[in-house]
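Asker: For reference, the structure I am asking about is given below.
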Amino acid sequence: MRVVVAHENLDFDALGSMVLAGKLFPGSLLALVGGLEGPLKEIAPLLEDRLDLVPASEIPLDRVSEVILVDNARPERIGPFKALVGRVPFLVFDHHPRTPGDVPAVGGKVAAVGATVSLLLPLLRERGLALTPLEATLAYAGVWEDTGGFSFPSTTPLDLEAAHHLVLMGAEVPRVRDWVRPHLGEEARGVLKELLKTARVVEVEGFRLLLARAREEGYVPALAPLAHTLLDLYEADGVLLALRLGREVLLIARSKARLDVARWLAQVGGGGHPRAAFARVRGARSALRRLLSNLSLFLTPEPTLGEAMTSPVETLFPTTVGEALRRLEERGYGAMPVVVPLEGGGVRVLGLARRRDLRKAERLGLVHHPVEGFLARAVVLPPDTPLSQVEPRLKEGGGRGLVGEGWRLLGIFTRTDLYRKRPSPEPSLGERILEALPEGARQVVLALKEAFPQGVYLVGGAVRDALLSRSGPDLDLVLEPGVRVGEVARFLAERFGGSYALHYAFGTGRVRLPFGLSVDLAESREEVYPYPGALPEVRPAPVAKDLERRDYTVNAMALSLSTLELLDPYGGLKDLEARLLRPLHPLSFVEDPSRIVRGVRLAARLAFRFAEEALRILPPALLPEVLRTASKSRLRDELLLTLEEDTFYEALALLEEMGALRPLYGLSLPEKAPFARLRLPEDALERTWVEARLLLLLFFQEAPLARAQALAVPKRLQEDLALLLQAKRGEEVSREALDKEPLRSVFLALFPEREAWLREKRRVLRGRDLLEMGLAPGPKVGEVLRRVAEARARGEVRTFEEELALARRLVSDGTVPPAP
């Protein structure tokens, strides 16, 4: 069973993210931990009939096989599901920055955006999944609320793009404003009045912090809207609310910028994320005193004028109005300082020559007059002036100021510079890959980086997916000669727990960590194919040779864990940006035709397309003489792996479009409708889904049983297929024969009109029926029941009456003697 969970007291972003995750992972249960927060409580009646939220207390933990955690990565905020951390795989989708102690996720996506909905929506669009208007409205409300109507500093282009697509999907924008806008009830208004009475602003290093206290004995209203209301009302940079609840005090902190309130409140046992945090404390006075005395330690340094100015600044020497105006227009400036040079290299600033003033002088016929008679006042500020103190001074200088030190003129500063976004240093590719890994995988990589100074590389899909801001539950590592698989496997098991298996003959191993991550290890090697389609011969080699044996350029990249340098010898990064699948060499498909199937699987999953040279080298790989020598087991395994994917049908469709489905497997692609109707029990294993899809695929072939034998399908599935074909011919099939998975679900997908018949509980012959008939208790009763059950399985008896008649014959013809 797969469960989607967020955190206690759901807000709009959490609930919207749960809905999107439920779409991405069909069949998941949406688990409700705690209650609903703020405005969500008021619209709960609307949601109850449309969203199936299951209380966490009603979900048996021992049946949960995977947890999708959204809008949260903290184990202490997921109620009973905390007990599953480290025991089942967690996929985390969260917009809060990583913090120590987060759930060791094996997949998902964590990135600093305004709302978690904005991370999930592109994945839905990638898969072509649609939302109902209600679902789109809930998701839009999540983005709106968590970005403050797209006004918070955390808002990113991804949030705006998500909002755009949600509106196209039917999100009702006016309804969202009504939902999210704080509706202050009587209790909230009472608390707000008390907070206003005690509110005061403390300024530290240019940061305006609003402090307010209140006491509440009864119902505690949602405090987040009150915090934002006070922030706006007092034009503060941050707010700290202290609400006394009996013997405890609840601290709520919000910040627009500069103050990391999560780290700040951690001093008193609190937590959260940089812009919103809370704590419960006893001894409020000492806690507040500590927080205020240490506030400056948690403030990022305020930008200064010297960091934001435009430098160097161009100047004018005393000249005429006409010449000054010509220079300004030539340079495209609105103003330039006019200076007089001083001995020793400094200058004395006379004022600012502004284009608008000089044009007015020109209209008055004063172009030949000295420019000094038309200068505006110049405000000169030192370079260490904090930006928060600059704007009032700019008004004195008509929107411009100069930056100077002594007699040196360093730069110029305008109101535009206040809003100019200063670029942050770009992380290296290696750092980007490391940051994109799920938390569990990242911790594993960091531990290996520390323990093995060289020779360990992250390769293949893990590198590719991290560069695409995606992730999965596996890591592939290649070890250069000198680093042994057993050594790395033992280190990981000792450090994180779990188990490992080694295959010394192949130089490979797999480590299974307790939180669901699998780490595949392989000693670097090169491969030689003795003939087309043959299994390769391998021998040890450096990592560069190991990359040569990969299938596509996007899979032939490696990250050195020691230096975080990306090795990309075949241009995989460029193809990744173009979303192209390009084979490494012209004989790639001929050497191993199963690479074609891996390619279509990737293309469907990642919305990639094949490069032109891939399509050119495809026909030789499909020649009969090549496929005769290809590994049948490898091709079958690739087909089964494809059927595991959510996008399996799109992959098979692409394989057929390329003309490869029939040459590789002797198959044609049926209509999608039966696959879309397929429903399996919530706790169905991945293997059951694969078998169900395989049965459906084979059912529609020209010679289904022959195809099943050619693909070496297990005997039990061939028997299931035979039953389905029997039903297709109109022959009777017993309910008992269909009472197993995946056969039962496949039957319903193929013959939906027979659902009522299949679900009907037919009465079968029991022991008491034989006793009523007059048969004596004893072994003879069991013998009759056995003979009737055999006849039922062969289809010789189809109703209870026929079973009863058979039993009477067995007794009356002497096969089984009657009671004395």
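Labels for the structure tokens follow display order: chains A, B, ..., residues from 1 in each chain, ligands from 1.
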May I have all residues of segment 303-350 of chain A that DSSP, computed from the backbone, assigns to strand (DSSP E or B), given as an MDAnalysis selection string?

Answerer: chainID A and resid 304 310 316 320 335:341 347:350

Asker: Taking N, CA, C and O atoms for each residue, export the selection above as an mmCIF file, in the first residue's frame.

Answerer:
data_model
loop_
_atom_site.group_PDB
_atom_site.id
_atom_site.type_symbol
_atom_site.label_atom_id
_atom_site.label_comp_id
_atom_site.auth_asym_id
_atom_site.auth_seq_id
_atom_site.Cartn_x
_atom_site.Cartn_y
_atom_site.Cartn_z
ATOM 1 N N THR A 304 25.360 46.717 1.233
ATOM 2 C CA THR A 304 25.799 48.109 1.372
ATOM 3 C C THR A 304 25.786 48.804 0.023
ATOM 4 O O THR A 304 25.702 48.164 -1.037
ATOM 5 N N THR A 310 26.858 51.472 -9.223
ATOM 6 C CA THR A 310 27.435 51.319 -10.555
ATOM 7 C C THR A 310 28.805 51.984 -10.549
ATOM 8 O O THR A 310 28.939 53.160 -10.199
ATOM 9 N N LEU A 316 31.807 64.682 -15.798
ATOM 10 C CA LEU A 316 31.986 65.819 -16.712
ATOM 11 C C LEU A 316 32.820 66.879 -16.012
ATOM 12 O O LEU A 316 32.665 67.117 -14.814
ATOM 13 N N THR A 320 29.937 73.742 -21.402
ATOM 14 C CA THR A 320 28.693 74.444 -21.729
ATOM 15 C C THR A 320 27.503 73.507 -21.579
ATOM 16 O O THR A 320 27.646 72.272 -21.572
ATOM 17 N N ALA A 335 21.847 61.421 -16.048
ATOM 18 C CA ALA A 335 22.583 62.444 -15.290
ATOM 19 C C ALA A 335 24.037 62.029 -15.183
ATOM 20 O O ALA A 335 24.360 60.825 -15.256
ATOM 21 N N MET A 336 24.917 63.023 -15.008
ATOM 22 C CA MET A 336 26.339 62.771 -14.773
ATOM 23 C C MET A 336 26.843 63.820 -13.787
ATOM 24 O O MET A 336 26.424 64.993 -13.833
ATOM 25 N N PRO A 337 27.749 63.408 -12.882
ATOM 26 C CA PRO A 337 28.304 64.397 -11.954
ATOM 27 C C PRO A 337 29.301 65.307 -12.678
ATOM 28 O O PRO A 337 30.068 64.858 -13.540
ATOM 29 N N VAL A 338 29.271 66.573 -12.320
ATOM 30 C CA VAL A 338 30.253 67.532 -12.838
ATOM 31 C C VAL A 338 31.275 67.757 -11.719
ATOM 32 O O VAL A 338 30.892 68.084 -10.574
ATOM 33 N N VAL A 339 32.550 67.552 -12.028
ATOM 34 C CA VAL A 339 33.583 67.594 -10.998
ATOM 35 C C VAL A 339 34.731 68.503 -11.430
ATOM 36 O O VAL A 339 34.924 68.780 -12.630
ATOM 37 N N VAL A 340 35.471 68.928 -10.432
ATOM 38 C CA VAL A 340 36.697 69.695 -10.653
ATOM 39 C C VAL A 340 37.842 68.866 -10.107
ATOM 40 O O VAL A 340 37.812 68.467 -8.938
ATOM 41 N N PRO A 341 38.862 68.563 -10.925
ATOM 42 C CA PRO A 341 39.983 67.752 -10.443
ATOM 43 C C PRO A 341 40.793 68.502 -9.389
ATOM 44 O O PRO A 341 40.941 69.725 -9.449
ATOM 45 N N VAL A 347 38.723 64.604 -6.597
ATOM 46 C CA VAL A 347 37.848 65.543 -7.302
ATOM 47 C C VAL A 347 36.931 66.222 -6.296
ATOM 48 O O VAL A 347 36.665 65.706 -5.216
ATOM 49 N N ARG A 348 36.486 67.407 -6.693
ATOM 50 C CA ARG A 348 35.449 68.081 -5.916
ATOM 51 C C ARG A 348 34.189 68.063 -6.774
ATOM 52 O O ARG A 348 34.196 68.474 -7.922
ATOM 53 N N VAL A 349 33.086 67.541 -6.170
ATOM 54 C CA VAL A 349 31.819 67.402 -6.901
ATOM 55 C C VAL A 349 31.072 68.721 -6.837
ATOM 56 O O VAL A 349 30.779 69.241 -5.757
ATOM 57 N N LEU A 350 30.762 69.283 -8.041
ATOM 58 C CA LEU A 350 29.995 70.525 -8.114
ATOM 59 C C LEU A 350 28.486 70.260 -8.091
ATOM 60 O O LEU A 350 27.728 71.079 -7.578
#

Asker: Give me, as an MDAnalysis selection string, all polymer residues having an atom no more than 7 Å from Glu523 of chain A, counting only C-alpha atoms and skipping those fewer than 6 positions away in the same chain.

Answerer: chainID A and resid 478:481 485 507:508

Asker: Those selected residues, please, written with N, CA, C and O atoms and delivered as a compact mmCIF listing (two decimals), in the first residue's frame.

Answerer:
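To be explicit, this is the file written out as result_14.txt:
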# COMPACT_ATOMS: atom_id res chain seq x y z
N VAL A 478 30.51 3.30 -9.87
CA VAL A 478 31.60 2.57 -10.53
C VAL A 478 32.87 2.79 -9.73
O VAL A 478 33.17 3.92 -9.33
N LEU A 479 33.61 1.72 -9.50
CA LEU A 479 34.83 1.78 -8.70
C LEU A 479 36.03 1.48 -9.60
O LEU A 479 36.08 0.41 -10.24
N GLU A 480 36.96 2.40 -9.66
CA GLU A 480 38.16 2.18 -10.47
C GLU A 480 39.07 1.15 -9.80
O GLU A 480 38.95 0.91 -8.58
N PRO A 481 39.98 0.53 -10.60
CA PRO A 481 40.91 -0.44 -10.01
C PRO A 481 41.60 0.15 -8.78
O PRO A 481 42.04 1.29 -8.77
N VAL A 485 34.75 -3.77 -4.55
CA VAL A 485 33.31 -3.75 -4.31
C VAL A 485 32.99 -4.16 -2.88
O VAL A 485 32.17 -3.53 -2.19
N GLY A 507 32.54 -8.86 -10.44
CA GLY A 507 33.01 -7.59 -9.87
C GLY A 507 31.88 -6.63 -9.58
O GLY A 507 32.03 -5.41 -9.74
N THR A 508 30.73 -7.16 -9.15
CA THR A 508 29.57 -6.31 -8.88
C THR A 508 29.00 -6.64 -7.49
O THR A 508 29.36 -7.65 -6.87

Asker: Pick the closest to Val733 of chain A from A:Ala489, A:Ala793, A:Leu721, A:Leu521: which is it, counting only C-alpha atoms?

Answerer: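 When distances to Val733 of chain A are compared using only C-alpha atoms, the smallest one comes from A:Ala793.
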
Asker: Taking 2 positions as the minimum chain separation for residues in the same chain, which residues sit within 6 Å of Asn555 of chain A when counting only C-alpha atoms? Answer as an NGL selection string.

Answerer: :A and (460-461 or 552-553 or 557)

Asker: Restricting it to N, CA and C atoms, dump the selection as an mmCIF file, in the first residue's frame.

Answerer:
data_model
loop_
_atom_site.group_PDB
_atom_site.id
_atom_site.type_symbol
_atom_site.label_atom_id
_atom_site.label_comp_id
_atom_site.auth_asym_id
_atom_site.auth_seq_id
_atom_site.Cartn_x
_atom_site.Cartn_y
_atom_site.Cartn_z
ATOM 1 N N GLY A 460 25.712 7.034 -14.738
ATOM 2 C CA GLY A 460 24.470 6.620 -15.379
ATOM 3 C C GLY A 460 23.257 7.423 -15.003
ATOM 4 N N GLY A 461 22.164 6.684 -14.730
ATOM 5 C CA GLY A 461 20.876 7.311 -14.503
ATOM 6 C C GLY A 461 20.849 8.265 -13.328
ATOM 7 N N TYR A 552 23.621 5.298 -24.235
ATOM 8 C CA TYR A 552 23.348 6.632 -24.778
ATOM 9 C C TYR A 552 24.241 7.663 -24.106
ATOM 10 N N THR A 553 24.474 8.770 -24.806
ATOM 11 C CA THR A 553 25.383 9.793 -24.273
ATOM 12 C C THR A 553 24.894 10.338 -22.931
ATOM 13 N N MET A 557 27.784 9.742 -18.453
ATOM 14 C CA MET A 557 28.425 10.786 -17.647
ATOM 15 C C MET A 557 28.723 10.218 -16.267
#

Asker: Based on DSSP run over this structure's backbone, return all residues of segment 5-142 of chain A in alpha helix (DSSP H), as JSON, numbers by chain.

Answerer: {"A": [12, 13, 14, 15, 16, 17, 18, 19, 20, 21, 22, 23, 24, 39, 40, 41, 42, 44, 45, 46, 47, 48, 117, 118, 119, 120, 121, 122, 123, 124, 125, 126, 133, 134, 135, 136, 137, 138, 139, 140, 141, 142]}

Asker: Using only C-alpha atoms, which residues sit within 10 Å of Gly35 of chain A once same-chain residues fewer than 2 positions away are excluded, as a list in words?

Answerer: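 Residues near the query, excluding close chain neighbours: His7, Glu8, Asn9, Leu10, Asp11, Leu32, Val33, Glu37, Gly38, Leu40, Lys41 and Pro55 of chain A.
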
Asker: How about saving the chosen residues, C-alpha atoms kept, as a tab-separated table (two decimals), in the first residue's frame?

Answerer:
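selection.tsv written:
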chain	number	residue	atom	x	y	z
A	7	HIS	CA	2.04	17.28	7.90
A	8	GLU	CA	-0.33	17.98	10.73
A	9	ASN	CA	-2.74	20.89	10.29
A	10	LEU	CA	-2.88	20.89	6.50
A	11	ASP	CA	-2.67	24.20	4.68
A	32	LEU	CA	-4.80	12.99	7.02
A	33	VAL	CA	-2.50	13.66	9.98
A	37	GLU	CA	-5.64	24.78	9.23
A	38	GLY	CA	-7.29	28.18	9.03
A	40	LEU	CA	-9.38	25.09	5.04
A	41	LYS	CA	-11.65	24.30	7.99
A	55	PRO	CA	-7.43	9.56	8.88

Asker: Could you give me, as number ranges by chain, the residues within 12 Å of Gly101 of chain A, counting only C-alpha atoms and dropping anything in the same chain fewer than 5 positions from it?

Answerer: A: 73-76, 85, 271, 439-440, 443

Asker: Residues of the last selection are to be written out with C-alpha atoms, as a PDB file, in the first residue's frame.

Answerer:
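Result saved to result-v1.pdb:
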ATOM      1  CA  ALA A  73      10.583  16.531   5.244  1.00  0.00           C
ATOM      2  CA  ARG A  74      10.479  16.415   9.046  1.00  0.00           C
ATOM      3  CA  PRO A  75       9.661  13.009  10.588  1.00  0.00           C
ATOM      4  CA  GLU A  76       8.247  14.563  13.754  1.00  0.00           C
ATOM      5  CA  VAL A  85      11.134   6.140   8.614  1.00  0.00           C
ATOM      6  CA  GLY A 271      11.968  24.660  14.066  1.00  0.00           C
ATOM      7  CA  GLU A 439      18.359  13.311   1.135  1.00  0.00           C
ATOM      8  CA  GLY A 440      19.085   9.623   1.712  1.00  0.00           C
ATOM      9  CA  GLN A 443      24.007  11.336   2.708  1.00  0.00           C
TER      10      GLN A 443
END

Asker: Listing only residues of segment 598-699 of chain A within 9 Å of segment 576-583 of chain A, what is the closest atom pair and its distance in Å (to one decimal) for each, using only C-alpha atoms, sorted by chain and residue number ascending, as a tab-separated table?

Answerer:
residue	atom	partner	partner_atom	distance
A:Gly599	CA	A:Leu581	CA	7.1
A:Leu602	CA	A:Leu581	CA	8.5
A:Ala603	CA	A:Leu581	CA	7.6
A:Leu606	CA	A:Arg579	CA	8.2
A:Ala607	CA	A:Arg579	CA	7.5
A:Phe608	CA	A:Arg579	CA	4.9
A:Arg609	CA	A:Leu580	CA	5.2
A:Phe610	CA	A:Leu581	CA	4.7
A:Ala611	CA	A:Arg582	CA	5.3
A:Glu612	CA	A:Arg582	CA	8.1
A:Glu613	CA	A:Arg582	CA	7.1
A:Ala614	CA	A:Arg582	CA	6.0

Asker: Write out as a PDB file with all heavy atoms, in the first residue's frame each polymer residue whose atoms come within 12 Å of Val811 of chain A, counting only C-alpha atoms; drop sequence neighbours fewer than 6 positions from it.

Answerer:
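The file below, around-v4.pdb, is the result:
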ATOM      1  N   LEU A 770     -24.684 -32.451   2.400  1.00  0.00           N
ATOM      2  CA  LEU A 770     -24.600 -33.908   2.276  1.00  0.00           C
ATOM      3  C   LEU A 770     -25.241 -34.590   3.474  1.00  0.00           C
ATOM      4  O   LEU A 770     -25.880 -35.647   3.349  1.00  0.00           O
ATOM      5  CB  LEU A 770     -23.140 -34.327   2.124  1.00  0.00           C
ATOM      6  CG  LEU A 770     -22.418 -33.770   0.877  1.00  0.00           C
ATOM      7  CD1 LEU A 770     -20.970 -34.229   0.855  1.00  0.00           C
ATOM      8  CD2 LEU A 770     -23.126 -34.221  -0.392  1.00  0.00           C
ATOM      9  N   LEU A 771     -25.063 -34.017   4.654  1.00  0.00           N
ATOM     10  CA  LEU A 771     -25.682 -34.589   5.850  1.00  0.00           C
ATOM     11  C   LEU A 771     -27.199 -34.514   5.757  1.00  0.00           C
ATOM     12  O   LEU A 771     -27.917 -35.451   6.141  1.00  0.00           O
ATOM     13  CB  LEU A 771     -25.183 -33.858   7.102  1.00  0.00           C
ATOM     14  CG  LEU A 771     -23.681 -33.977   7.394  1.00  0.00           C
ATOM     15  CD1 LEU A 771     -23.318 -33.169   8.636  1.00  0.00           C
ATOM     16  CD2 LEU A 771     -23.272 -35.435   7.587  1.00  0.00           C
ATOM     17  N   MET A 773     -28.797 -34.631   3.097  1.00  0.00           N
ATOM     18  CA  MET A 773     -29.170 -35.620   2.080  1.00  0.00           C
ATOM     19  C   MET A 773     -29.252 -37.020   2.698  1.00  0.00           C
ATOM     20  O   MET A 773     -29.856 -37.940   2.130  1.00  0.00           O
ATOM     21  CB  MET A 773     -28.117 -35.586   0.957  1.00  0.00           C
ATOM     22  CG  MET A 773     -28.456 -36.407  -0.277  1.00  0.00           C
ATOM     23  SD  MET A 773     -27.029 -36.489  -1.371  1.00  0.00           S
ATOM     24  CE  MET A 773     -26.762 -34.767  -1.697  1.00  0.00           C
ATOM     25  N   GLY A 774     -28.651 -37.220   3.860  1.00  0.00           N
ATOM     26  CA  GLY A 774     -28.707 -38.518   4.532  1.00  0.00           C
ATOM     27  C   GLY A 774     -27.384 -39.226   4.586  1.00  0.00           C
ATOM     28  O   GLY A 774     -27.286 -40.362   5.067  1.00  0.00           O
ATOM     29  N   LEU A 775     -26.320 -38.593   4.121  1.00  0.00           N
ATOM     30  CA  LEU A 775     -25.005 -39.221   4.160  1.00  0.00           C
ATOM     31  C   LEU A 775     -24.468 -39.160   5.585  1.00  0.00           C
ATOM     32  O   LEU A 775     -24.583 -38.133   6.264  1.00  0.00           O
ATOM     33  CB  LEU A 775     -24.053 -38.507   3.202  1.00  0.00           C
ATOM     34  CG  LEU A 775     -22.729 -39.232   2.875  1.00  0.00           C
ATOM     35  CD1 LEU A 775     -22.996 -40.554   2.173  1.00  0.00           C
ATOM     36  CD2 LEU A 775     -21.879 -38.327   1.970  1.00  0.00           C
ATOM     37  N   ALA A 776     -23.879 -40.289   6.045  1.00  0.00           N
ATOM     38  CA  ALA A 776     -23.387 -40.342   7.423  1.00  0.00           C
ATOM     39  C   ALA A 776     -22.126 -39.506   7.557  1.00  0.00           C
ATOM     40  O   ALA A 776     -21.304 -39.436   6.632  1.00  0.00           O
ATOM     41  CB  ALA A 776     -23.094 -41.795   7.811  1.00  0.00           C
ATOM     42  N   LYS A 780     -16.556 -40.335   4.083  1.00  0.00           N
ATOM     43  CA  LYS A 780     -17.299 -40.361   2.822  1.00  0.00           C
ATOM     44  C   LYS A 780     -17.760 -38.950   2.426  1.00  0.00           C
ATOM     45  O   LYS A 780     -17.848 -38.637   1.249  1.00  0.00           O
ATOM     46  CB  LYS A 780     -18.511 -41.288   2.945  1.00  0.00           C
ATOM     47  CG  LYS A 780     -18.157 -42.730   3.282  1.00  0.00           C
ATOM     48  CD  LYS A 780     -17.228 -43.327   2.231  1.00  0.00           C
ATOM     49  CE  LYS A 780     -16.930 -44.795   2.537  1.00  0.00           C
ATOM     50  NZ  LYS A 780     -15.947 -45.367   1.579  1.00  0.00           N
ATOM     51  N   VAL A 781     -18.027 -38.110   3.438  1.00  0.00           N
ATOM     52  CA  VAL A 781     -18.444 -36.735   3.141  1.00  0.00           C
ATOM     53  C   VAL A 781     -17.317 -35.998   2.407  1.00  0.00           C
ATOM     54  O   VAL A 781     -17.532 -35.328   1.394  1.00  0.00           O
ATOM     55  CB  VAL A 781     -18.816 -35.988   4.445  1.00  0.00           C
ATOM     56  CG1 VAL A 781     -19.069 -34.507   4.160  1.00  0.00           C
ATOM     57  CG2 VAL A 781     -20.041 -36.617   5.084  1.00  0.00           C
ATOM     58  N   GLU A 783     -14.981 -37.335   0.650  1.00  0.00           N
ATOM     59  CA  GLU A 783     -14.788 -37.918  -0.677  1.00  0.00           C
ATOM     60  C   GLU A 783     -15.763 -37.313  -1.688  1.00  0.00           C
ATOM     61  O   GLU A 783     -15.398 -36.976  -2.814  1.00  0.00           O
ATOM     62  CB  GLU A 783     -14.978 -39.436  -0.594  1.00  0.00           C
ATOM     63  CG  GLU A 783     -14.887 -40.157  -1.926  1.00  0.00           C
ATOM     64  CD  GLU A 783     -13.511 -40.066  -2.574  1.00  0.00           C
ATOM     65  OE1 GLU A 783     -12.522 -39.747  -1.862  1.00  0.00           O
ATOM     66  OE2 GLU A 783     -13.410 -40.283  -3.788  1.00  0.00           O
ATOM     67  N   VAL A 784     -17.034 -37.160  -1.293  1.00  0.00           N
ATOM     68  CA  VAL A 784     -18.024 -36.580  -2.198  1.00  0.00           C
ATOM     69  C   VAL A 784     -17.663 -35.131  -2.516  1.00  0.00           C
ATOM     70  O   VAL A 784     -17.715 -34.692  -3.677  1.00  0.00           O
ATOM     71  CB  VAL A 784     -19.435 -36.665  -1.585  1.00  0.00           C
ATOM     72  CG1 VAL A 784     -20.433 -35.881  -2.439  1.00  0.00           C
ATOM     73  CG2 VAL A 784     -19.878 -38.113  -1.477  1.00  0.00           C
ATOM     74  N   LEU A 785     -17.313 -34.359  -1.480  1.00  0.00           N
ATOM     75  CA  LEU A 785     -16.946 -32.953  -1.701  1.00  0.00           C
ATOM     76  C   LEU A 785     -15.753 -32.842  -2.643  1.00  0.00           C
ATOM     77  O   LEU A 785     -15.700 -31.953  -3.495  1.00  0.00           O
ATOM     78  CB  LEU A 785     -16.628 -32.273  -0.365  1.00  0.00           C
ATOM     79  CG  LEU A 785     -17.813 -32.061   0.583  1.00  0.00           C
ATOM     80  CD1 LEU A 785     -17.333 -31.452   1.899  1.00  0.00           C
ATOM     81  CD2 LEU A 785     -18.853 -31.143  -0.054  1.00  0.00           C
ATOM     82  N   ARG A 787     -14.873 -35.007  -5.027  1.00  0.00           N
ATOM     83  CA  ARG A 787     -15.271 -35.366  -6.381  1.00  0.00           C
ATOM     84  C   ARG A 787     -16.076 -34.228  -7.024  1.00  0.00           C
ATOM     85  O   ARG A 787     -15.913 -33.923  -8.214  1.00  0.00           O
ATOM     86  CB  ARG A 787     -16.120 -36.650  -6.346  1.00  0.00           C
ATOM     87  CG  ARG A 787     -15.380 -37.882  -5.780  1.00  0.00           C
ATOM     88  CD  ARG A 787     -14.569 -38.587  -6.856  1.00  0.00           C
ATOM     89  NE  ARG A 787     -15.418 -39.189  -7.848  1.00  0.00           N
ATOM     90  CZ  ARG A 787     -15.995 -40.395  -7.738  1.00  0.00           C
ATOM     91  NH1 ARG A 787     -15.799 -41.120  -6.639  1.00  0.00           N
ATOM     92  NH2 ARG A 787     -16.736 -40.879  -8.712  1.00  0.00           N
ATOM     93  N   VAL A 788     -16.911 -33.562  -6.227  1.00  0.00           N
ATOM     94  CA  VAL A 788     -17.709 -32.453  -6.765  1.00  0.00           C
ATOM     95  C   VAL A 788     -16.806 -31.259  -7.097  1.00  0.00           C
ATOM     96  O   VAL A 788     -16.983 -30.591  -8.127  1.00  0.00           O
ATOM     97  CB  VAL A 788     -18.809 -32.047  -5.759  1.00  0.00           C
ATOM     98  CG1 VAL A 788     -19.494 -30.760  -6.211  1.00  0.00           C
ATOM     99  CG2 VAL A 788     -19.840 -33.164  -5.622  1.00  0.00           C
ATOM    100  N   LEU A 804     -25.485 -30.485  -6.476  1.00  0.00           N
ATOM    101  CA  LEU A 804     -26.314 -31.324  -5.623  1.00  0.00           C
ATOM    102  C   LEU A 804     -26.735 -32.592  -6.364  1.00  0.00           C
ATOM    103  O   LEU A 804     -26.724 -33.709  -5.809  1.00  0.00           O
ATOM    104  CB  LEU A 804     -27.546 -30.527  -5.181  1.00  0.00           C
ATOM    105  CG  LEU A 804     -28.293 -31.013  -3.942  1.00  0.00           C
ATOM    106  CD1 LEU A 804     -27.373 -31.012  -2.726  1.00  0.00           C
ATOM    107  CD2 LEU A 804     -29.497 -30.105  -3.666  1.00  0.00           C
ATOM    108  N   ALA A 805     -27.097 -32.454  -7.648  1.00  0.00           N
ATOM    109  CA  ALA A 805     -27.507 -33.605  -8.451  1.00  0.00           C
ATOM    110  C   ALA A 805     -26.345 -34.594  -8.616  1.00  0.00           C
ATOM    111  O   ALA A 805     -26.530 -35.824  -8.544  1.00  0.00           O
ATOM    112  CB  ALA A 805     -28.016 -33.149  -9.814  1.00  0.00           C
ATOM    113  N   PRO A 817     -21.397 -45.103  -0.435  1.00  0.00           N
ATOM    114  CA  PRO A 817     -22.588 -45.703   0.183  1.00  0.00           C
ATOM    115  C   PRO A 817     -23.329 -44.726   1.061  1.00  0.00           C
ATOM    116  O   PRO A 817     -22.708 -43.858   1.675  1.00  0.00           O
ATOM    117  CB  PRO A 817     -22.009 -46.854   1.026  1.00  0.00           C
ATOM    118  CG  PRO A 817     -20.586 -46.453   1.282  1.00  0.00           C
ATOM    119  CD  PRO A 817     -20.163 -45.679   0.075  1.00  0.00           C
ATOM    120  N   PRO A 818     -24.686 -44.831   1.137  1.00  0.00           N
ATOM    121  CA  PRO A 818     -25.462 -43.957   1.997  1.00  0.00           C
ATOM    122  C   PRO A 818     -25.314 -44.370   3.459  1.00  0.00           C
ATOM    123  O   PRO A 818     -24.735 -45.402   3.771  1.00  0.00           O
ATOM    124  CB  PRO A 818     -26.893 -44.178   1.511  1.00  0.00           C
ATOM    125  CG  PRO A 818     -26.893 -45.570   0.977  1.00  0.00           C
ATOM    126  CD  PRO A 818     -25.530 -45.792   0.389  1.00  0.00           C
ATOM    127  N   ALA A 819     -25.872 -43.516   4.335  1.00  0.00           N
ATOM    128  CA  ALA A 819     -25.809 -43.825   5.768  1.00  0.00           C
ATOM    129  C   ALA A 819     -26.671 -45.031   6.058  1.00  0.00           C
ATOM    130  O   ALA A 819     -27.721 -45.235   5.435  1.00  0.00           O
ATOM    131  CB  ALA A 819     -26.297 -42.620   6.566  1.00  0.00           C
TER     132      ALA A 819
END

Asker: Would you please work out which residue, of A:Ser518, A:Thr319, A:Thr647, A:Ser469, is nearest to Leu492 of chain A when using only C-alpha atoms?

Answerer: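 Closest residue, counting only C-alpha atoms: A:Ser518.
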
Asker: For Phe589 of chain A, which residue out of A:Leu622, A:Met658, A:Leu758, A:Ala727 is the nearest one, using only C-alpha atoms?

Answerer: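 Smallest distance to Phe589 of chain A is found for A:Leu622.
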
Asker: Please determine, counting only C-alpha atoms, which residue among A:Met18, A:Val367, A:Gly86, A:Pro681 has the shortest atom-to-atom distance to Pro514 of chain A.

Answerer: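 The shortest atom-to-atom distance to Pro514 of chain A comes from A:Gly86.
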
Asker: From the set A:Ala703, A:Leu51, A:Val143, A:Val113, which residue has the shortest atom-to-atom contact distance to Pro157 of chain A, counting only C-alpha atoms?

Answerer: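 When distances to Pro157 of chain A are compared using only C-alpha atoms, the smallest one comes from A:Val113.
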
Asker: Please identify all polymer residues within 7 Å of Lys256 of chain A, counting only C-alpha atoms, omitting same-chain residues fewer than 6 positions from it, and present them as a PyMOL selection string.

Answerer: chain A and resi 153+237-238+275
